>>> print(open('upload.cif').read())   # mmCIF, C-alpha atoms and all ligand atoms
data_my_file
#
loop_
_atom_site.label_atom_id
_atom_site.label_comp_id
_atom_site.auth_asym_id
_atom_site.auth_seq_id
_atom_site.Cartn_x
_atom_site.Cartn_y
_atom_site.Cartn_z
CA MET Z 99 20.56 1.36 12.65
CA LYS Z 100 17.62 3.65 13.06
CA ASN Z 101 17.17 6.30 10.40
CA LEU Z 102 17.70 9.66 12.12
CA SER Z 103 17.01 11.95 9.18
CA LYS Z 104 14.51 14.75 9.69
CA LYS Z 105 13.52 14.90 6.04
CA ILE Z 106 10.55 13.27 4.35
CA ALA Z 107 10.45 12.80 0.58
CA ILE Z 108 7.10 13.76 -0.90
CA ILE Z 109 6.00 12.46 -4.30
CA GLU Z 110 2.96 14.48 -5.36
CA GLY Z 111 2.24 12.17 -8.29
CA ASP Z 112 -0.26 12.40 -11.12
CA GLY Z 113 -4.06 12.60 -11.41
CA ILE Z 114 -5.62 13.05 -7.98
CA GLY Z 115 -2.15 12.73 -6.40
CA PRO Z 116 -1.55 16.42 -5.57
CA GLU Z 117 -5.13 16.83 -4.24
CA ILE Z 118 -4.86 14.03 -1.69
CA MET Z 119 -1.22 14.77 -0.84
CA SER Z 120 -2.15 18.33 0.06
CA GLU Z 121 -4.36 16.98 2.90
CA ALA Z 122 -1.55 14.69 4.15
CA LYS Z 123 0.97 17.55 4.10
CA LYS Z 124 -1.22 19.67 6.38
CA LEU Z 125 -1.25 16.81 8.88
CA ILE Z 126 2.54 16.47 8.71
CA GLN Z 127 2.87 20.16 9.55
CA LEU Z 128 0.49 19.74 12.47
CA LEU Z 129 1.81 16.50 13.94
CA ILE Z 130 5.52 16.46 13.10
CA PRO Z 131 6.47 20.07 12.27
CA GLU Z 132 10.15 19.29 12.93
CA TYR Z 133 10.32 17.34 9.64
CA GLU Z 134 11.33 19.05 6.41
CA LEU Z 135 9.49 18.03 3.24
CA ILE Z 136 11.54 17.41 0.10
CA SER Z 137 9.61 17.25 -3.16
CA VAL Z 138 10.72 14.40 -5.44
CA ASP Z 139 9.58 13.92 -9.04
CA LEU Z 140 8.38 10.48 -10.10
CA GLY Z 141 6.11 9.23 -12.87
CA GLY Z 142 4.44 11.77 -15.15
CA LYS Z 143 6.07 14.83 -13.55
CA ALA Z 144 9.53 13.30 -13.94
CA ILE Z 145 8.80 12.30 -17.56
CA ASP Z 146 7.75 15.88 -18.38
CA LYS Z 147 10.91 17.33 -16.78
CA TYR Z 148 13.61 14.72 -17.44
CA ASN Z 149 12.10 12.34 -20.00
CA ASN Z 150 12.63 9.61 -17.39
CA PRO Z 151 10.03 8.36 -14.86
CA PHE Z 152 12.66 7.88 -12.10
CA PRO Z 153 15.64 10.08 -12.97
CA VAL Z 154 18.99 10.21 -11.13
CA GLU Z 155 17.97 13.65 -9.81
CA SER Z 156 15.13 11.99 -7.89
CA GLN Z 157 17.29 9.07 -6.79
CA GLY Z 158 19.86 11.48 -5.34
CA LYS Z 159 17.23 13.25 -3.23
CA LEU Z 160 16.24 9.95 -1.61
CA LYS Z 161 19.67 9.26 -0.12
CA ASP Z 162 19.14 10.95 3.24
CA VAL Z 163 15.40 10.92 3.99
CA ALA Z 164 13.60 9.22 6.86
CA ALA Z 165 10.77 7.94 4.65
CA VAL Z 166 9.02 8.45 1.32
CA LEU Z 167 5.36 9.44 1.16
CA MET Z 168 3.81 9.18 -2.28
CA SER Z 169 0.31 9.53 -3.66
CA ALA Z 170 -0.03 7.73 -7.00
CA ILE Z 171 1.40 8.01 -10.51
CA GLY Z 172 0.16 7.31 -14.02
CA ALA Z 173 -2.03 9.13 -16.54
CA PRO Z 174 -3.54 8.30 -19.93
CA GLN Z 175 -1.15 10.58 -21.85
CA TYR Z 176 1.77 8.32 -20.91
CA ASP Z 177 0.06 5.02 -21.67
CA ASN Z 178 1.54 4.63 -25.15
CA LEU Z 179 5.14 5.39 -24.23
CA ALA Z 180 7.79 2.68 -24.43
CA ARG Z 181 7.74 0.48 -21.34
CA GLU Z 182 10.92 1.94 -19.83
CA LEU Z 183 9.55 5.47 -20.12
CA ARG Z 184 6.19 4.83 -18.47
CA PRO Z 185 5.25 6.24 -15.03
CA GLU Z 186 4.57 2.75 -13.68
CA THR Z 187 8.12 1.67 -14.58
CA GLY Z 188 9.36 4.59 -12.49
CA LEU Z 189 7.38 3.34 -9.51
CA LEU Z 190 8.79 -0.18 -9.89
CA GLY Z 191 12.26 1.38 -10.06
CA LEU Z 192 11.60 3.32 -6.86
CA ARG Z 193 10.46 0.19 -4.99
CA LYS Z 194 13.56 -1.71 -6.14
CA PHE Z 195 15.84 1.27 -5.35
CA LEU Z 196 14.51 1.37 -1.78
CA GLY Z 197 14.64 -2.42 -1.36
CA ALA Z 198 10.98 -2.20 -0.33
CA PHE Z 199 10.17 -5.88 -0.82
CA ALA Z 200 7.36 -6.18 1.75
CA ASN Z 201 4.15 -4.37 0.87
CA ILE Z 202 1.72 -4.28 3.78
CA ARG Z 203 -1.88 -3.62 2.72
CA PRO Z 204 -4.39 -3.70 5.59
CA ALA Z 205 -8.13 -3.91 4.86
CA PHE Z 206 -10.26 -2.99 7.84
CA VAL Z 207 -14.01 -2.46 7.83
CA TYR Z 208 -15.13 0.45 9.99
CA PRO Z 209 -18.33 -0.64 11.78
CA ALA Z 210 -20.11 2.49 10.55
CA LEU Z 211 -19.29 1.65 6.94
CA ALA Z 212 -20.26 -2.04 6.87
CA ASP Z 213 -23.52 -1.13 5.13
CA LEU Z 214 -21.63 0.73 2.40
CA SER Z 215 -19.74 -2.27 1.04
CA SER Z 216 -20.95 -3.74 -2.21
CA LEU Z 217 -21.22 -7.00 -0.25
CA LYS Z 218 -23.83 -7.70 2.44
CA SER Z 219 -22.93 -6.07 5.74
CA GLU Z 220 -23.01 -9.37 7.66
CA ILE Z 221 -20.31 -10.70 5.31
CA VAL Z 222 -17.97 -7.74 5.77
CA SER Z 223 -18.61 -6.42 9.27
CA GLY Z 224 -15.66 -7.32 11.45
CA VAL Z 225 -13.26 -7.86 8.55
CA ASP Z 226 -9.72 -7.00 9.62
CA LEU Z 227 -7.08 -8.52 7.38
CA VAL Z 228 -3.66 -7.70 6.00
CA VAL Z 229 -2.30 -8.60 2.61
CA VAL Z 230 1.50 -8.98 2.71
CA ARG Z 231 2.45 -8.63 -0.92
CA GLU Z 232 5.94 -9.39 -2.23
CA LEU Z 233 6.90 -6.19 -4.07
CA THR Z 234 10.32 -6.36 -5.73
CA GLY Z 235 10.26 -9.72 -7.49
CA GLY Z 236 8.04 -12.09 -9.41
CA ILE Z 237 6.63 -11.45 -12.86
CA TYR Z 238 6.94 -7.66 -12.50
CA PHE Z 239 10.73 -7.89 -12.61
CA GLY Z 240 11.58 -11.30 -14.14
CA LYS Z 241 13.80 -11.48 -17.20
CA PRO Z 242 13.45 -12.10 -20.07
CA ALA Z 243 10.62 -9.72 -20.83
CA MET Z 244 9.85 -8.51 -24.32
CA ASN Z 245 7.23 -7.62 -26.90
CA ASP Z 246 8.18 -7.62 -30.60
CA GLY Z 247 4.67 -7.05 -31.89
CA THR Z 248 3.97 -10.70 -32.68
CA ARG Z 249 5.24 -12.34 -29.50
CA ALA Z 250 5.47 -11.02 -25.97
CA LEU Z 251 6.59 -12.51 -22.71
CA ASN Z 252 7.21 -11.87 -19.05
CA THR Z 253 8.88 -14.26 -16.66
CA MET Z 254 7.69 -15.12 -13.18
CA VAL Z 255 10.85 -15.75 -11.16
CA TYR Z 256 11.35 -16.12 -7.43
CA GLU Z 257 14.62 -16.86 -5.70
CA LYS Z 258 14.34 -18.84 -2.48
CA TYR Z 259 15.76 -15.97 -0.42
CA GLU Z 260 13.07 -13.62 -1.73
CA ILE Z 261 10.33 -16.01 -0.59
CA GLU Z 262 12.01 -16.60 2.76
CA ARG Z 263 12.25 -12.93 3.62
CA ILE Z 264 8.66 -12.08 2.67
CA ALA Z 265 7.41 -15.15 4.53
CA LYS Z 266 9.28 -14.02 7.65
CA VAL Z 267 7.67 -10.58 7.47
CA ALA Z 268 4.25 -12.19 7.10
CA PHE Z 269 4.79 -14.59 10.03
CA GLU Z 270 5.96 -11.67 12.19
CA PHE Z 271 2.77 -9.75 11.32
CA ALA Z 272 0.68 -12.82 12.08
CA MET Z 273 2.41 -13.19 15.47
CA LYS Z 274 1.35 -9.64 16.38
CA ARG Z 275 -2.22 -10.23 15.18
CA GLY Z 276 -4.50 -13.29 15.10
CA LYS Z 277 -1.67 -15.81 14.52
CA ARG Z 278 -3.22 -17.09 11.28
CA LEU Z 279 -1.39 -16.92 7.98
CA CYS Z 280 -2.76 -17.93 4.58
CA SER Z 281 -0.19 -18.27 1.81
CA VAL Z 282 -1.71 -17.78 -1.63
CA ASP Z 283 -0.11 -19.33 -4.71
CA LYS Z 284 -0.84 -21.32 -7.87
CA SER Z 285 1.31 -24.36 -7.06
CA ASN Z 286 -1.09 -26.73 -8.82
CA VAL Z 287 0.18 -25.23 -12.09
CA LEU Z 288 3.28 -23.09 -11.61
CA ASP Z 289 6.78 -24.26 -10.62
CA VAL Z 290 7.52 -20.86 -9.16
CA SER Z 291 4.49 -21.29 -6.88
CA GLN Z 292 5.67 -24.75 -5.79
CA LEU Z 293 8.96 -23.22 -4.61
CA TRP Z 294 6.89 -20.52 -2.92
CA ARG Z 295 4.79 -23.07 -1.04
CA ASP Z 296 7.74 -25.33 -0.08
CA THR Z 297 9.69 -22.33 1.19
CA VAL Z 298 6.81 -20.89 3.20
CA ILE Z 299 6.40 -24.30 4.87
CA LYS Z 300 10.12 -24.33 5.77
CA VAL Z 301 9.94 -20.82 7.24
CA SER Z 302 6.82 -21.81 9.23
CA LYS Z 303 8.91 -24.18 11.39
CA ALA Z 304 10.27 -21.14 13.22
CA TYR Z 305 6.72 -19.95 13.97
CA PRO Z 306 4.93 -22.93 15.58
CA GLU Z 307 2.32 -20.63 17.14
CA VAL Z 308 1.09 -19.44 13.75
CA GLU Z 309 -1.56 -21.53 12.03
CA LEU Z 310 -0.45 -21.72 8.40
CA SER Z 311 -2.81 -22.53 5.54
CA HIS Z 312 -2.38 -22.52 1.75
CA MET Z 313 -4.83 -21.49 -0.91
CA TYR Z 314 -4.73 -21.35 -4.69
CA VAL Z 315 -5.15 -17.81 -5.92
CA ASP Z 316 -8.36 -18.46 -7.85
CA ASN Z 317 -9.97 -19.91 -4.73
CA ALA Z 318 -8.59 -17.01 -2.64
CA ALA Z 319 -10.24 -14.48 -4.96
CA MET Z 320 -13.52 -16.32 -4.43
CA GLN Z 321 -13.10 -16.81 -0.67
CA LEU Z 322 -12.39 -13.09 -0.21
CA VAL Z 323 -15.91 -12.27 -1.28
CA ARG Z 324 -17.56 -15.43 0.08
CA ASN Z 325 -16.23 -15.25 3.64
CA PRO Z 326 -13.52 -12.62 4.12
CA LYS Z 327 -13.53 -12.98 7.90
CA GLN Z 328 -11.68 -16.29 7.57
CA PHE Z 329 -8.51 -14.28 6.78
CA ASP Z 330 -6.07 -12.71 9.21
CA VAL Z 331 -2.79 -12.30 7.28
CA ILE Z 332 -2.43 -13.26 3.61
CA VAL Z 333 1.04 -13.59 2.09
CA THR Z 334 1.41 -13.73 -1.65
CA SER Z 335 3.50 -12.81 -4.65
CA ASN Z 336 3.69 -9.47 -6.43
CA LEU Z 337 1.03 -9.94 -9.13
CA PHE Z 338 -1.41 -11.97 -7.02
CA GLY Z 339 -1.08 -9.44 -4.18
CA ASP Z 340 -1.78 -6.54 -6.54
CA ILE Z 341 -5.04 -8.11 -7.64
CA LEU Z 342 -6.19 -9.48 -4.28
CA SER Z 343 -5.55 -6.20 -2.47
CA ASP Z 344 -7.76 -4.23 -4.88
CA GLU Z 345 -10.41 -6.91 -4.36
CA ALA Z 346 -10.01 -6.70 -0.57
CA SER Z 347 -10.40 -2.93 -0.75
CA MET Z 348 -14.03 -3.25 -1.79
CA LEU Z 349 -14.86 -5.14 1.40
CA THR Z 350 -14.23 -1.86 3.21
CA GLY Z 351 -16.53 0.19 0.99
CA SER Z 352 -13.97 1.94 -1.21
CA ILE Z 353 -10.46 1.62 -2.54
CA GLY Z 354 -10.13 5.22 -1.40
CA LEU Z 355 -9.70 3.91 2.16
CA LEU Z 356 -6.76 1.51 1.73
CA PRO Z 357 -3.24 2.59 2.72
CA SER Z 358 0.03 0.69 2.33
CA ALA Z 359 3.54 0.51 3.68
CA SER Z 360 6.42 -0.90 1.67
CA LEU Z 361 9.11 -2.09 4.03
CA GLY Z 362 12.35 -4.03 3.94
CA GLY Z 363 14.91 -1.36 3.08
CA GLU Z 364 16.36 1.36 5.30
CA ILE Z 365 13.82 3.85 3.95
CA GLY Z 366 10.13 2.93 3.99
CA LEU Z 367 7.74 3.88 1.18
CA TYR Z 368 4.13 4.76 1.99
CA GLU Z 369 1.39 5.02 -0.63
CA PRO Z 370 -2.33 4.35 -1.03
CA VAL Z 371 -3.32 1.08 -2.70
CA HIS Z 372 -5.30 2.97 -5.33
CA GLY Z 373 -4.00 4.69 -8.43
CA SER Z 374 -4.08 8.24 -9.77
CA ALA Z 375 -7.80 8.01 -10.64
CA PRO Z 376 -7.63 10.26 -13.74
CA ASP Z 377 -11.40 9.91 -14.15
CA ILE Z 378 -12.05 12.09 -11.08
CA MET Z 379 -9.01 14.38 -10.99
CA GLY Z 380 -9.51 18.06 -10.31
CA LYS Z 381 -13.14 17.63 -9.21
CA GLY Z 382 -12.69 17.41 -5.44
CA LEU Z 383 -14.14 13.90 -5.52
CA ALA Z 384 -11.03 12.02 -4.35
CA ASN Z 385 -11.16 10.35 -0.98
CA PRO Z 386 -7.99 11.44 0.88
CA ILE Z 387 -8.27 8.76 3.59
CA ALA Z 388 -6.04 6.11 1.95
CA MET Z 389 -3.37 8.81 1.63
CA ILE Z 390 -3.84 10.00 5.20
CA LEU Z 391 -3.73 6.45 6.60
CA SER Z 392 -0.54 5.87 4.59
CA LEU Z 393 0.91 8.82 6.49
CA SER Z 394 -0.21 7.16 9.72
CA MET Z 395 1.64 3.98 8.69
CA MET Z 396 4.72 6.09 7.98
CA LEU Z 397 4.57 7.60 11.46
CA ARG Z 398 4.22 4.13 12.98
CA TYR Z 399 6.75 2.11 10.98
CA SER Z 400 9.43 4.62 9.95
CA LEU Z 401 9.34 7.54 12.39
CA ASP Z 402 8.58 5.76 15.67
CA LYS Z 403 5.64 8.13 16.24
CA GLU Z 404 3.01 5.68 17.46
CA LYS Z 405 1.10 8.34 19.40
CA GLU Z 406 0.73 10.58 16.35
CA ALA Z 407 -0.24 7.56 14.22
CA GLN Z 408 -3.00 6.75 16.68
CA ILE Z 409 -4.21 10.35 16.65
CA ILE Z 410 -4.68 10.09 12.87
CA ASP Z 411 -6.32 6.63 13.03
CA LYS Z 412 -8.79 7.83 15.66
CA ALA Z 413 -9.60 11.02 13.75
CA VAL Z 414 -10.30 9.07 10.56
CA GLU Z 415 -12.51 6.60 12.40
CA GLU Z 416 -14.50 9.44 14.02
CA VAL Z 417 -14.99 11.30 10.75
CA VAL Z 418 -16.31 8.24 8.90
CA THR Z 419 -18.41 7.22 11.88
CA GLU Z 420 -20.09 10.64 11.81
CA GLY Z 421 -21.10 9.79 8.23
CA PHE Z 422 -18.93 12.53 6.78
CA LEU Z 423 -17.95 10.87 3.50
CA THR Z 424 -16.72 11.48 -0.05
CA PRO Z 425 -18.87 10.35 -3.03
CA ASP Z 426 -17.05 7.00 -3.43
CA LEU Z 427 -18.75 6.10 -0.12
CA GLY Z 428 -22.06 7.68 -1.05
CA GLY Z 429 -21.37 10.98 0.70
CA LYS Z 430 -21.34 14.59 -0.50
CA ALA Z 431 -18.17 15.94 1.13
CA ASN Z 432 -15.21 16.92 -1.04
CA THR Z 433 -11.54 16.05 -0.62
CA THR Z 434 -10.63 19.19 1.32
CA GLU Z 435 -13.65 18.99 3.60
CA ILE Z 436 -12.73 15.46 4.66
CA GLY Z 437 -9.07 16.44 5.03
CA SER Z 438 -10.03 19.43 7.18
CA ALA Z 439 -12.41 17.40 9.36
CA ILE Z 440 -9.61 14.91 10.06
CA TYR Z 441 -7.18 17.77 10.67
CA ASN Z 442 -9.51 19.43 13.17
CA LYS Z 443 -9.92 16.21 15.12
CA CYS Z 444 -6.16 15.67 15.20
CA GLU Z 445 -5.67 19.23 16.43
CA GLN Z 446 -8.27 18.60 19.14
CA SER Z 447 -6.47 15.42 20.25
CA LEU Z 448 -3.19 17.31 20.52
CA LEU Z 449 -4.86 19.93 22.75
CA THR Z 450 -6.56 17.36 24.99
CA PRO Z 451 -4.16 14.48 25.49
CA VAL Z 452 -5.62 11.38 27.12
CA TYR Z 453 -3.54 9.96 29.99
P1 LIG N 1 -7.34 3.67 -9.89
O1 LIG N 1 -7.11 3.05 -8.58
O2 LIG N 1 -6.62 4.94 -10.18
O3 LIG N 1 -8.90 3.94 -10.10
C1 LIG N 1 -9.87 2.90 -10.11
C2 LIG N 1 -11.24 3.48 -9.75
O4 LIG N 1 -11.24 3.82 -8.36
C3 LIG N 1 -11.55 4.75 -10.52
O5 LIG N 1 -12.93 4.79 -10.82
C4 LIG N 1 -11.21 5.85 -9.52
O6 LIG N 1 -11.96 7.04 -9.68
C5 LIG N 1 -11.53 5.18 -8.18
N1 LIG N 1 -10.65 5.71 -7.11
C6 LIG N 1 -9.34 5.42 -6.92
N2 LIG N 1 -8.86 6.11 -5.88
C7 LIG N 1 -9.89 6.83 -5.38
C8 LIG N 1 -10.00 7.74 -4.31
N3 LIG N 1 -8.95 8.06 -3.50
N4 LIG N 1 -11.20 8.31 -4.08
C9 LIG N 1 -12.26 8.01 -4.86
N5 LIG N 1 -12.21 7.15 -5.88
C10 LIG N 1 -11.02 6.57 -6.15
O7 LIG N 1 -6.97 2.56 -11.00
P2 LIG N 1 -6.91 2.67 -12.60
O8 LIG N 1 -7.99 3.54 -13.10
O9 LIG N 1 -6.80 1.30 -13.06
O10 LIG N 1 -5.51 3.36 -12.89
C11 LIG N 1 -5.34 4.75 -13.13
C12 LIG N 1 -3.85 5.08 -13.23
O11 LIG N 1 -3.24 4.89 -11.95
C13 LIG N 1 -3.09 4.16 -14.19
O12 LIG N 1 -2.15 4.95 -14.86
C14 LIG N 1 -2.41 3.17 -13.28
O13 LIG N 1 -1.24 2.61 -13.81
C15 LIG N 1 -2.10 4.04 -12.09
N6 LIG N 1 -1.93 3.34 -10.80
C16 LIG N 1 -0.97 3.82 -9.97
C17 LIG N 1 -0.80 3.28 -8.73
C18 LIG N 1 0.25 3.83 -7.84
O14 LIG N 1 0.85 4.83 -8.13
N7 LIG N 1 0.53 3.21 -6.72
C19 LIG N 1 -1.68 2.26 -8.29
C20 LIG N 1 -2.66 1.80 -9.17
C21 LIG N 1 -2.80 2.35 -10.42
C1 LIG N 2 -0.20 -0.74 -7.16
C2 LIG N 2 -0.22 -0.43 -8.63
C3 LIG N 2 1.15 -0.66 -9.22
C4 LIG N 2 1.44 -2.15 -9.11
C5 LIG N 2 1.39 -0.20 -10.67
C6 LIG N 2 0.94 1.20 -10.89
C7 LIG N 2 2.83 -0.34 -11.04
O1 LIG N 2 -1.22 -1.12 -9.29
O2 LIG N 2 0.62 -0.16 -6.43
O3 LIG N 2 -1.01 -1.56 -6.72
O4 LIG N 2 0.97 -2.93 -9.92
O5 LIG N 2 2.17 -2.51 -8.17
MN MN N 3 -2.57 -2.17 -7.92
#
>>> encode(input="upload.cif", output="structure tokens")
Amino acid sequence: MKNLSKKIAIIEGDGIGPEIMSEAKKLIQLLIPEYELISVDLGGKAIDKYNNPFPVESQGKLKDVAAVLMSAIGAPQYDNLARELRPETGLLGLRKFLGAFANIRPAFVYPALADLSSLKSEIVSGVDLVVVRELTGGIYFGKPAMNDGTRALNTMVYEKYEIERIAKVAFEFAMKRGKRLCSVDKSNVLDVSQLWRDTVIKVSKAYPEVELSHMYVDNAAMQLVRNPKQFDVIVTSNLFGDILSDEASMLTGSIGLLPSASLGGEIGLYEPVHGSAPDIMGKGLANPIAMILSLSMMLRYSLDKEKEAQIIDKAVEEVVTEGFLTPDLGGKANTTEIGSAIYNKCEQSLLTPVY
């Protein structure tokens, strides 16, 4: 059943989180003013208030929202806390709580920015790929996990049903795109990856139109910088997807451009791929585009607001094409200036609808 709530949960987060979220909130007020914003504490803010990175108070607020929009959590002052008290553990708890097992991380190179990648422009121009990362299983959640000071371990576990459902999501994405899916694993070494590969092959039988390939993760990391245009949709496990999506971000010029959607449950979670960037917090240096494009994904996938999503996507493309950029992309504009430029273009689109 479609989620009919008119509330959106907002997680301001740590580090640059509140700075970039502030730009997204202005766009929400402009494009979907009928939605009420509910502030939810997660990560550092929740630790300060409740001594818990994902307290029951926050869980309760998520019961009747249409979607969750979050910036990023984590800060150096929490890095030495016990594992269960750390901001990152709160985020993992949130993903599990929402059943958000399918993390969609698109990497798209704007033509105007191809020269700004750390790779040669002819390698990156035209890149348009999506990493479908499994998000609620694998080594992030496997038991046992422990560290007694002399021995530590984590367990990489996948149940067949977890692989089946993420594979289906990835095949569905591939069907709507270039019909090519590359499954990334380490089945030459890991049993869990062999089950992954066998299961993806079984699921592929229902998608004869999709060209399925397999790649070991070490090769995939190399191929992403050698010839990224060979990829359409990549499906992979939690840890491999975390690493490969940060790598893919640099094809586009900056990690500050990459949004994500975490789907699978009744309530979708939307967050940039990047973290809380404590090294640049409070300086106006943060690129708000990953945050703003995460809002666009929320409009598209959770709120059925395709028109408004396109208004944002077009505004972002125009702003970067005009060369109006934050310092991560070699520009001089600050966070608010970029946010305002995008806002003004969205406002203009609302006033002059194209039929
Ligand atoms: P990071 O992504 O925060 O930063 C890596 C580098 O990219 C830094 O130099 C940073 O300044 C830059 N950067 C990131 N986002 C940017 C933006 N929007 N504009 C301009 N530059 C940007 O990764 P990190 O430094 O490894 O981690 C910092 C903290 O964030 C840690 O506590 C980590 O656990 C957390 N983290 C949280 C999330 C999340 O909440 N989803 C994701 C990744 C990391
Ligand atoms: C991400 C982050 C998170 C992850 C951390 C902060 C838990 O790196 O969203 O990519 O590893 O999933
Ligand atoms: Mn990451």
>>> residues_near_ligand(input="upload.cif", ligand="ligand MN 3 (chain N)", cutoff="9 Å", atoms="all atoms listed in the file", output="PyMOL selection string")
chain Z and resi 337+339-344+371-373
>>> write_last_selection(input="upload.cif", atoms="C-alpha atoms", output="PDB file, in the coordinates of the input")
ATOM      1  CA  LEU Z 337       1.030  -9.940  -9.130  1.00  0.00           C
ATOM      2  CA  GLY Z 339      -1.080  -9.440  -4.180  1.00  0.00           C
ATOM      3  CA  ASP Z 340      -1.780  -6.540  -6.540  1.00  0.00           C
ATOM      4  CA  ILE Z 341      -5.040  -8.110  -7.640  1.00  0.00           C
ATOM      5  CA  LEU Z 342      -6.190  -9.480  -4.280  1.00  0.00           C
ATOM      6  CA  SER Z 343      -5.550  -6.200  -2.470  1.00  0.00           C
ATOM      7  CA  ASP Z 344      -7.760  -4.230  -4.880  1.00  0.00           C
ATOM      8  CA  VAL Z 371      -3.320   1.080  -2.700  1.00  0.00           C
ATOM      9  CA  HIS Z 372      -5.300   2.970  -5.330  1.00  0.00           C
ATOM     10  CA  GLY Z 373      -4.000   4.690  -8.430  1.00  0.00           C
TER      11      GLY Z 373
END
>>> atom_distance(input="upload.cif", atom1="atom N5 of ligand LIG 1 (chain N)", atom2="atom CA of Ala212 of chain Z")
17.7 Å
>>> residues_near_ligand(input="upload.cif", ligand="ligand LIG 1 (chain N)", cutoff="9 Å", atoms="all atoms listed in the file", output="PyMOL selection string")
chain Z and resi 111-115+118+141+168-174+176-177+185-186+189+340+344+352-356+369-379+383-389+424-427+433
>>> residues_around(input="upload.cif", residues="Leu102 of chain Z", least_positions_apart="3", cutoff="12 Å", atoms="only C-alpha atoms", output="PyMOL selection string")
chain Z and resi 99+105-106+133+162-165+364-365+400-402
>>> write_last_selection(input="upload.cif", atoms="C-alpha atoms", output="PDB file, keeping the file's coordinate frame")
ATOM      1  CA  MET Z  99      20.560   1.360  12.650  1.00  0.00           C
ATOM      2  CA  LYS Z 105      13.520  14.900   6.040  1.00  0.00           C
ATOM      3  CA  ILE Z 106      10.550  13.270   4.350  1.00  0.00           C
ATOM      4  CA  TYR Z 133      10.320  17.340   9.640  1.00  0.00           C
ATOM      5  CA  ASP Z 162      19.140  10.950   3.240  1.00  0.00           C
ATOM      6  CA  VAL Z 163      15.400  10.920   3.990  1.00  0.00           C
ATOM      7  CA  ALA Z 164      13.600   9.220   6.860  1.00  0.00           C
ATOM      8  CA  ALA Z 165      10.770   7.940   4.650  1.00  0.00           C
ATOM      9  CA  GLU Z 364      16.360   1.360   5.300  1.00  0.00           C
ATOM     10  CA  ILE Z 365      13.820   3.850   3.950  1.00  0.00           C
ATOM     11  CA  SER Z 400       9.430   4.620   9.950  1.00  0.00           C
ATOM     12  CA  LEU Z 401       9.340   7.540  12.390  1.00  0.00           C
ATOM     13  CA  ASP Z 402       8.580   5.760  15.670  1.00  0.00           C
TER      14      ASP Z 402
END
>>> residues_around(input="upload.cif", residues="Leu293 of chain Z", least_positions_apart="3", cutoff="10 Å", atoms="only C-alpha atoms", output="tab-separated table (two decimals) with C-alpha atoms, in the coordinates of the input")
chain	number	residue	atom	x	y	z
Z	256	TYR	CA	11.35	-16.12	-7.43
Z	257	GLU	CA	14.62	-16.86	-5.70
Z	258	LYS	CA	14.34	-18.84	-2.48
Z	261	ILE	CA	10.33	-16.01	-0.59
Z	283	ASP	CA	-0.11	-19.33	-4.71
Z	285	SER	CA	1.31	-24.36	-7.06
Z	288	LEU	CA	3.28	-23.09	-11.61
Z	289	ASP	CA	6.78	-24.26	-10.62
Z	290	VAL	CA	7.52	-20.86	-9.16
Z	296	ASP	CA	7.74	-25.33	-0.08
Z	297	THR	CA	9.69	-22.33	1.19
Z	298	VAL	CA	6.81	-20.89	3.20
Z	299	ILE	CA	6.40	-24.30	4.87
>>> residues_around(input="upload.cif", residues="Leu135 of chain Z", least_positions_apart="5", cutoff="12 Å", atoms="only C-alpha atoms", output="ChimeraX atom specification")
/Z:103-110,119,122-124,126-127,130,159-160,162-168
>>> residues_around(input="upload.cif", residues="segment 194-207 of chain Z", least_positions_apart="5", cutoff="9 Å", atoms="only C-alpha atoms", output="ChimeraX atom specification")
/Z:157,160,189,212,215,222-235,260,263-264,267-268,331,336,339,343,346-351,355-367,370-371
>>> atom_distance(input="upload.cif", atom1="atom CA of Tyr305 of chain Z", atom2="atom CA of Ile332 of chain Z")
15.4 Å
>>> build_atoms(input="upload.cif", residues="segment 142-149 of chain Z", atoms="N, CA and C atoms", output="tab-separated table (two decimals), in the coordinates of the input")
chain	number	residue	atom	x	y	z
Z	142	GLY	N	4.73	10.78	-14.12
Z	142	GLY	CA	4.44	11.77	-15.15
Z	142	GLY	C	5.25	13.05	-14.99
Z	143	LYS	N	5.34	13.57	-13.78
Z	143	LYS	CA	6.07	14.83	-13.55
Z	143	LYS	C	7.54	14.69	-13.93
Z	144	ALA	N	8.12	13.53	-13.62
Z	144	ALA	CA	9.53	13.30	-13.94
Z	144	ALA	C	9.71	13.11	-15.46
Z	145	ILE	N	8.73	12.50	-16.10
Z	145	ILE	CA	8.80	12.30	-17.56
Z	145	ILE	C	8.78	13.67	-18.24
Z	146	ASP	N	7.86	14.55	-17.78
Z	146	ASP	CA	7.75	15.88	-18.38
Z	146	ASP	C	9.06	16.66	-18.23
Z	147	LYS	N	9.71	16.51	-17.08
Z	147	LYS	CA	10.91	17.33	-16.78
Z	147	LYS	C	12.20	16.70	-17.30
Z	148	TYR	N	12.31	15.39	-17.16
Z	148	TYR	CA	13.61	14.72	-17.44
Z	148	TYR	C	13.51	13.64	-18.51
Z	149	ASN	N	12.32	13.43	-19.05
Z	149	ASN	CA	12.10	12.34	-20.00
Z	149	ASN	C	12.49	10.98	-19.41
